[in-house]
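Structure file entry_24.cif with mmCIF, C-alpha atoms:
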```
data_structure
#
loop_
_atom_site.label_atom_id
_atom_site.label_comp_id
_atom_site.auth_asym_id
_atom_site.auth_seq_id
_atom_site.Cartn_x
_atom_site.Cartn_y
_atom_site.Cartn_z
CA MET C 1 137.48 108.18 162.93
CA PRO C 2 137.99 111.82 161.76
CA MET C 3 135.25 114.20 162.83
CA ASP C 4 134.19 114.99 159.25
CA GLN C 5 133.48 111.29 158.65
CA VAL C 6 131.23 110.85 161.68
CA PRO C 7 127.69 110.55 160.35
CA ARG C 8 125.42 113.23 161.78
CA ILE C 9 121.76 112.49 162.34
CA SER C 10 118.79 114.60 163.38
CA ARG C 11 116.61 113.85 166.39
CA VAL C 12 113.92 112.29 164.23
CA GLU C 13 116.49 110.11 162.51
CA PHE C 14 117.91 109.17 165.92
CA GLU C 15 114.42 108.17 167.07
CA ILE C 16 113.82 106.05 163.97
CA LEU C 17 117.19 104.31 164.22
CA SER C 18 116.64 103.64 167.93
CA LEU C 19 113.30 102.00 167.18
CA LEU C 20 114.68 99.96 164.30
CA ARG C 21 117.68 98.74 166.30
CA SER C 22 115.73 95.94 167.95
CA LYS C 23 113.48 94.81 165.09
CA GLU C 24 112.33 95.74 161.63
CA MET C 25 109.10 97.72 161.36
CA TYR C 26 106.87 99.45 158.90
CA GLY C 27 105.99 103.15 158.99
CA LEU C 28 102.75 102.99 160.94
CA GLU C 29 104.37 100.81 163.63
CA LEU C 30 107.12 103.40 164.01
CA VAL C 31 104.55 106.19 164.40
CA LYS C 32 102.62 104.21 167.02
CA GLU C 33 105.75 103.36 168.99
CA SER C 34 106.97 106.95 169.16
CA ASN C 35 105.54 110.28 170.31
CA MET C 36 107.93 112.23 168.12
CA LEU C 37 107.15 110.72 164.71
CA LYS C 38 104.21 111.97 162.66
CA ARG C 39 102.30 110.22 159.91
CA GLY C 40 102.78 113.09 157.49
CA THR C 41 106.56 113.11 157.69
CA VAL C 42 107.70 109.61 158.60
CA TYR C 43 107.78 108.19 155.07
CA VAL C 44 109.61 111.20 153.63
CA THR C 45 112.17 110.91 156.44
CA LEU C 46 112.52 107.16 155.91
CA GLU C 47 113.03 107.69 152.19
CA ARG C 48 115.71 110.30 152.88
CA MET C 49 117.41 107.95 155.37
CA SER C 50 117.23 105.18 152.80
CA ASP C 51 119.00 107.44 150.28
CA LYS C 52 121.68 108.17 152.88
CA GLY C 53 122.09 104.44 153.57
CA TYR C 54 120.99 104.49 157.21
CA VAL C 55 118.03 102.16 156.66
CA ARG C 56 117.14 99.38 154.24
CA SER C 57 113.68 98.53 153.05
CA ARG C 58 112.02 95.57 151.44
CA GLU C 59 108.54 94.74 150.29
CA ALA C 60 106.61 92.71 152.86
CA GLU C 61 105.55 89.20 151.90
CA ARG C 62 101.82 88.79 151.58
CA ALA C 63 99.63 85.74 151.83
CA PRO C 64 97.76 84.90 148.60
CA HIS C 65 94.41 85.92 150.10
CA GLU C 66 95.66 89.34 151.25
CA SER C 67 94.91 92.34 149.08
CA GLY C 68 95.84 96.01 149.18
CA LEU C 69 98.94 98.01 148.46
CA PRO C 70 102.29 96.36 149.18
CA ARG C 71 103.85 97.40 152.48
CA ARG C 72 107.50 98.24 152.95
CA ILE C 73 109.37 96.96 155.98
CA TYR C 74 112.32 99.01 157.20
CA SER C 75 115.42 97.78 159.01
CA ILE C 76 118.58 99.46 160.23
CA SER C 77 121.73 99.14 158.09
CA GLY C 78 125.37 98.87 159.19
CA LEU C 79 125.94 102.56 158.52
CA GLY C 80 122.78 103.33 160.49
CA ARG C 81 124.10 101.36 163.49
CA ARG C 82 127.39 103.26 163.33
CA ALA C 83 125.60 106.59 163.07
CA LEU C 84 123.41 105.68 166.02
CA ALA C 85 126.39 104.54 168.09
CA ALA C 86 128.30 107.76 167.28
CA SER C 87 125.28 109.85 168.19
CA GLU C 88 124.77 107.99 171.46
CA ALA C 89 128.46 108.40 172.32
CA ALA C 90 128.20 112.14 171.63
CA ALA C 91 125.08 112.38 173.78
CA ALA C 92 126.80 110.46 176.60
CA SER C 93 129.82 112.75 176.53
CA PHE C 94 127.56 115.82 176.59
CA ALA C 95 125.71 114.32 179.54
CA SER C 96 129.02 113.68 181.36
CA TRP C 97 129.76 117.42 181.11
CA GLY C 98 126.37 118.22 182.54
CA MET C 99 124.97 119.41 179.21
CA VAL C 100 121.82 118.17 177.58
CA PRO C 101 121.95 117.97 173.76
CA GLN C 102 119.15 119.86 172.02
CA MET R 1 85.59 115.89 144.62
CA SER R 2 83.99 116.08 141.20
CA LEU R 3 87.27 117.22 139.64
CA LEU R 4 89.09 114.30 141.25
CA THR R 5 86.35 111.97 140.06
CA LEU R 6 86.73 113.34 136.57
CA ILE R 7 90.51 112.95 136.57
CA ALA R 8 90.27 109.41 137.98
CA ARG R 9 87.65 108.46 135.40
CA LEU R 10 89.77 109.83 132.56
CA ASP R 11 92.75 107.93 133.92
CA VAL R 12 90.73 104.69 133.99
CA ASN R 13 89.44 105.39 130.46
CA PHE R 14 92.97 105.99 129.26
CA ARG R 15 94.31 102.80 130.86
CA ASN R 16 91.43 100.70 129.53
CA PHE R 17 91.88 102.13 126.11
CA ILE R 18 95.65 101.78 125.93
CA ASN R 19 95.57 98.27 127.40
CA GLY R 20 92.81 97.28 124.97
CA ARG R 21 90.55 95.85 127.67
CA PRO R 22 87.86 93.58 126.30
CA ARG R 23 84.51 95.21 125.73
CA ASP R 24 81.86 94.82 128.37
CA ARG R 25 78.54 96.42 127.68
CA ARG R 26 76.78 94.95 130.70
CA GLU R 27 77.70 97.80 133.01
CA PHE R 28 76.65 100.35 130.44
CA ARG R 29 73.35 98.61 129.74
CA ALA R 30 72.65 98.26 133.46
CA ARG R 31 73.19 101.96 133.95
CA TRP R 32 71.78 103.45 130.78
CA GLY R 33 69.57 100.73 129.28
CA HIS R 34 66.39 102.34 130.54
CA VAL R 35 67.10 105.66 128.83
CA LEU R 36 68.15 104.23 125.46
CA PRO R 37 65.53 105.00 122.79
CA ARG R 38 63.38 101.96 122.07
CA GLY R 39 61.76 100.83 118.86
CA ASN R 40 62.97 100.37 115.32
CA SER R 41 62.58 103.90 114.07
CA LEU R 42 65.57 105.34 112.23
CA ARG R 43 66.11 107.97 114.95
CA ALA R 44 66.11 105.37 117.74
CA ARG R 45 68.49 103.11 115.84
CA ILE R 46 70.92 105.97 115.12
CA TRP R 47 70.89 107.05 118.79
CA ARG R 48 71.47 103.48 120.01
CA SER R 49 74.32 102.91 117.57
CA MET R 50 75.97 106.24 118.44
CA ILE R 51 75.81 105.68 122.18
CA LEU R 52 76.95 102.07 122.01
CA THR R 53 79.78 102.98 119.66
CA LEU R 54 81.04 105.57 122.14
CA ASP R 55 80.85 102.98 124.92
CA GLU R 56 82.70 100.48 122.76
CA VAL R 57 85.47 102.93 122.00
CA GLU R 58 85.76 103.97 125.62
CA HIS R 59 86.18 100.38 126.79
CA GLY R 60 89.02 99.74 124.39
CA LEU R 61 89.50 98.12 121.05
CA PRO R 62 91.63 95.03 121.69
CA GLN R 63 91.79 94.08 118.03
CA ILE R 64 93.65 97.29 117.12
CA GLN R 65 97.41 97.58 117.59
CA LEU R 66 98.74 99.81 120.37
CA PRO R 67 100.16 102.65 118.20
CA LEU R 68 96.87 102.99 116.38
CA ARG R 69 94.95 102.89 119.66
CA MET R 70 97.11 105.74 120.98
CA LEU R 71 96.48 107.72 117.80
CA LEU R 72 92.76 107.09 118.14
CA TYR R 73 92.82 108.16 121.76
CA PHE R 74 94.39 111.45 120.68
CA PHE R 75 91.42 112.14 118.42
CA PHE R 76 88.78 110.77 120.77
CA TRP R 77 89.79 112.53 123.98
CA PRO R 78 87.23 115.36 123.67
CA ILE R 79 84.51 112.72 123.45
CA PHE R 80 85.87 110.89 126.49
CA LEU R 81 86.02 114.16 128.40
CA PHE R 82 82.44 114.97 127.49
CA SER R 83 81.32 111.45 128.38
CA ALA R 84 83.10 111.61 131.74
CA VAL R 85 81.59 115.02 132.52
CA ILE R 86 78.03 113.93 131.88
CA ARG R 87 78.51 110.73 133.88
CA VAL R 88 79.86 112.40 137.02
CA PRO R 89 76.50 113.62 138.43
CA PHE R 90 74.71 110.39 137.49
CA GLY R 91 77.39 107.89 138.34
CA ARG R 92 75.95 105.65 141.05
CA SER R 93 77.09 102.13 141.69
CA ALA R 94 76.22 99.37 144.12
CA LEU R 95 79.92 98.69 144.51
CA VAL R 96 81.77 101.00 146.88
CA ARG R 97 85.28 102.13 146.09
CA ALA R 98 88.00 101.65 148.67
CA PRO R 99 88.61 104.88 150.57
CA ALA R 100 91.06 107.26 148.87
CA SER R 101 90.99 105.24 145.64
CA ARG R 102 90.40 108.31 143.48
CA VAL R 103 93.21 110.31 145.00
CA LEU R 104 95.38 107.19 144.74
CA ALA R 105 94.68 106.99 140.99
CA VAL R 106 95.63 110.64 140.57
CA LEU R 107 98.82 110.24 142.61
CA ARG R 108 99.79 107.11 140.66
CA PHE R 109 99.31 109.01 137.44
CA VAL R 110 101.21 112.12 138.52
CA LEU R 111 104.11 110.91 140.69
CA PRO R 112 107.20 108.86 139.82
CA ARG R 113 106.73 105.17 140.58
CA LYS R 114 109.41 104.98 143.29
CA VAL R 115 107.99 107.96 145.16
CA PHE R 116 104.47 106.63 144.85
CA ASP R 117 105.38 103.12 146.07
CA ARG R 118 107.61 104.18 148.95
CA ILE R 119 105.80 107.23 150.31
CA PHE R 120 102.24 107.77 149.15
CA ALA R 121 101.11 104.15 148.73
CA GLN R 122 102.36 103.44 152.28
CA LEU R 123 100.44 106.44 153.59
CA VAL R 124 97.24 105.32 151.88
CA GLN R 125 97.65 101.74 153.11
CA ASP R 126 98.17 102.97 156.70
CA PHE R 127 95.02 105.04 156.43
CA ARG R 128 93.00 102.16 154.99
CA ASP R 129 94.13 99.78 157.73
CA GLU R 130 93.10 102.18 160.46
CA TYR R 131 89.91 103.20 158.68
CA ILE R 132 88.77 99.60 158.26
CA ALA R 133 89.69 98.82 161.87
CA GLU R 134 87.49 101.70 163.04
CA LEU R 135 84.63 100.63 160.80
CA SER R 136 84.90 97.05 162.02
CA ALA R 137 84.66 98.31 165.59
CA GLY R 138 81.48 100.20 164.66
CA ARG R 139 82.98 103.66 165.21
CA LEU R 140 81.60 105.29 162.09
CA TRP R 141 82.23 108.90 163.09
CA ARG R 142 85.78 108.10 164.11
CA ALA R 143 86.29 106.50 160.69
CA ARG R 144 84.92 109.61 158.98
CA TRP R 145 87.17 111.82 161.07
CA MET R 146 90.13 109.65 160.03
CA HIS R 147 89.13 110.20 156.42
CA VAL R 148 89.38 113.96 156.94
CA CYS R 149 92.67 113.58 158.79
CA PHE R 150 94.02 111.47 155.95
CA TYR R 151 93.59 114.29 153.46
CA LEU R 152 95.31 116.72 155.82
CA THR R 153 98.17 114.24 156.31
CA LEU R 154 98.40 113.74 152.57
CA LEU R 155 98.62 117.48 152.03
CA LEU R 156 101.35 117.75 154.66
CA THR R 157 103.25 114.85 153.09
CA ILE R 158 103.07 116.45 149.64
CA LEU R 159 104.41 119.71 151.08
CA VAL R 160 107.21 117.99 153.01
CA TRP R 161 108.17 115.78 150.06
CA GLY R 162 108.06 118.76 147.67
CA GLY R 163 110.14 120.87 150.05
CA ALA R 164 112.70 118.08 150.56
CA SER R 165 112.97 117.54 146.79
CA VAL R 166 113.52 121.24 146.13
CA ALA R 167 116.10 121.46 148.93
CA LYS R 168 117.93 118.37 147.61
CA MET R 169 118.03 119.86 144.13
CA ALA R 170 119.27 123.20 145.46
CA VAL R 171 122.09 121.47 147.39
CA LYS R 172 123.10 119.53 144.27
CA LEU R 173 123.21 122.73 142.20
CA TRP R 174 125.20 124.49 144.91
CA GLN R 175 127.69 121.60 145.06
CA MET R 176 128.02 121.58 141.27
CA SER R 177 128.62 125.33 141.14
CA GLY R 178 131.08 125.19 144.07
#
```
Encoded form using structure tokens:
Amino acid sequence: MPMDQVPRISRVEFEILSLLRSKEMYGLELVKESNMLKRGTVYVTLERMSDKGYVRSREAERAPHESGLPRRIYSISGLGRRALAASEAAAASFASWGMVPQ
Amino acid sequence: MSLLTLIARLDVNFRNFINGRPRDRREFRARWGHVLPRGNSLRARIWRSMILTLDEVEHGLPQIQLPLRMLLYFFFWPIFLFSAVIRVPFGRSALVRAPASRVLAVLRFVLPRKVFDRIFAQLVQDFRDEYIAELSAGRLWRARWMHVCFYLTLLLTILVWGGASVAKMAVKLWQMSG
């Protein structure tokens, strides 16, 4: 793949994609699972990632007796998996040279 | 808080009016019945009819078509504003609103639907879940602290979302010009 087509992701995006790799989650679950993610920024970041195509979202099903605002569940997309894999490969090659990516 | 209350009340008035909600005088009578002038004197009857007419208008006129209701709202809005202002200091109810319901009404009114549903509604729902969990555990002060934190988080989210939107627009303009 040419270098200009390799999707580049930030550290926060990397963290979100890593968490979503194993299972789908909603925003608060992501914040609780990670030390890096903050409540004030996670939904804006998820929305931006959704626009880029890294994550998908759907409205959570609710039982008839449940009330409140509808939750959105996020899952990783195919492009997100590729971006994550490319980022991990880059990190591994940096590590093999004895460099730690910032 | 009073400004938010006022905006939320006007928003509810507007929605009731435009949707032509059926009239319900019970709430009004429960709240104001004791101060309505009694007796059959002309003055008392005029006062009662004026106040109840305002209440009737505020709670919507379902028998009137939507375009006419919107036209009426245009002419009646100073009265609604006045009514909302005088109710703010006296508005007490046995029912308690869900936390952040007023700010939610304002956000729903101001923001695009997609942004509201995907960012701000999620934020409010997260806060409510945690707030109710704290209350259920009997940690009242922790719940109050979370309420304060929620407003700070909301402010941060608005700033981040606003900044991201401006940056996205700037990039688009730059790409179009380049």
Output of the PyMOL selection byres ((chain R) within 9 of (chain C)), listed as a PyMOL selection string: chain R and resi 115+117-126+128+152-158+160-161+164
Protein/DNA/RNA residues near (123.4, 110.4, 164.8), cut 6 Å, only C-alpha atoms, as JSON, numbers by chain: {"C": [8, 9, 14, 83, 84, 87]}
Would you save the residues of that selection, restricted to C-alpha atoms, as a short mmCIF file (atom, residue, chain, number, x, y, z; two decimals), keeping the file's coordinate frame?
```cif
data_model
loop_
_atom_site.label_atom_id
_atom_site.label_comp_id
_atom_site.auth_asym_id
_atom_site.auth_seq_id
_atom_site.Cartn_x
_atom_site.Cartn_y
_atom_site.Cartn_z
CA ARG C 8 125.42 113.23 161.78
CA ILE C 9 121.76 112.49 162.34
CA PHE C 14 117.91 109.17 165.92
CA ALA C 83 125.60 106.59 163.07
CA LEU C 84 123.41 105.68 166.02
CA SER C 87 125.28 109.85 168.19
#
```
Evaluate the PyMOL selection byres ((chain C and resi 77) around 9) and report residues as a list in words: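 With the PyMOL selection byres ((chain C and resi 77) around 9) on this model, the match is Gly53, Tyr54, Val55, Arg56, Ser75, Ile76, Gly78, Leu79, Gly80, Arg81 and Arg82 of chain C.
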Point-to-point distance from CA of Met176 (chain R) to CA of Phe116 (chain R), Å rounded to tenths: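 Computing the Euclidean distance for CA of Met176 (chain R) and CA of Phe116 (chain R) yields 28.1 Å.
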C:Ile16, C:Leu37, C:Leu30, C:Met25 ranked by distance to Ala60 (chain C), top pick (using all atoms listed in the file):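 Among the listed residues, the smallest separation from Ala60 (chain C) belongs to C:Met25.
The two atoms in question, CA of Leu107 (chain R) and CA of Val12 (chain R), are spaced 13.1 Å apart.
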Interatomic distance, CA of Ala137 (chain R) to CA of Pro99 (chain R) (Å, one decimal):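 Between CA of Ala137 (chain R) and CA of Pro99 (chain R) the gap works out to 16.9 Å.
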Residues returned when the PyMOL selection byres ((chain R and resi 100-103) around 9) runs on this file, as a list in words: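 With the PyMOL selection byres ((chain R and resi 100-103) around 9) on this model, the match is Leu4, Thr5, Ile7, Ala8, Arg9, Arg97, Ala98, Pro99, Leu104, Ala105, Val106, Leu107, Arg108, Val124, Phe127, Arg128, His147, Phe150 and Tyr151 of chain R.
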Selected residue, from C:Ser22, C:Met49, C:Ala92, C:Ser34, that lies nearest to Ser10 (chain C) when counting only C-alpha atoms: C:Met49
Step by step, gather every atom of region 98-113 of chain R that the file lists, find the box along x, y and z that holds them, add 4 Å on each side, and finally give centre and edge lengths in Å to one decimal, as lines of an AutoDock Vina configuration file.
```
center_x = 97.6
center_y = 106.9
center_z = 144.0
size_x = 27.2
size_y = 18.5
size_z = 21.1
```
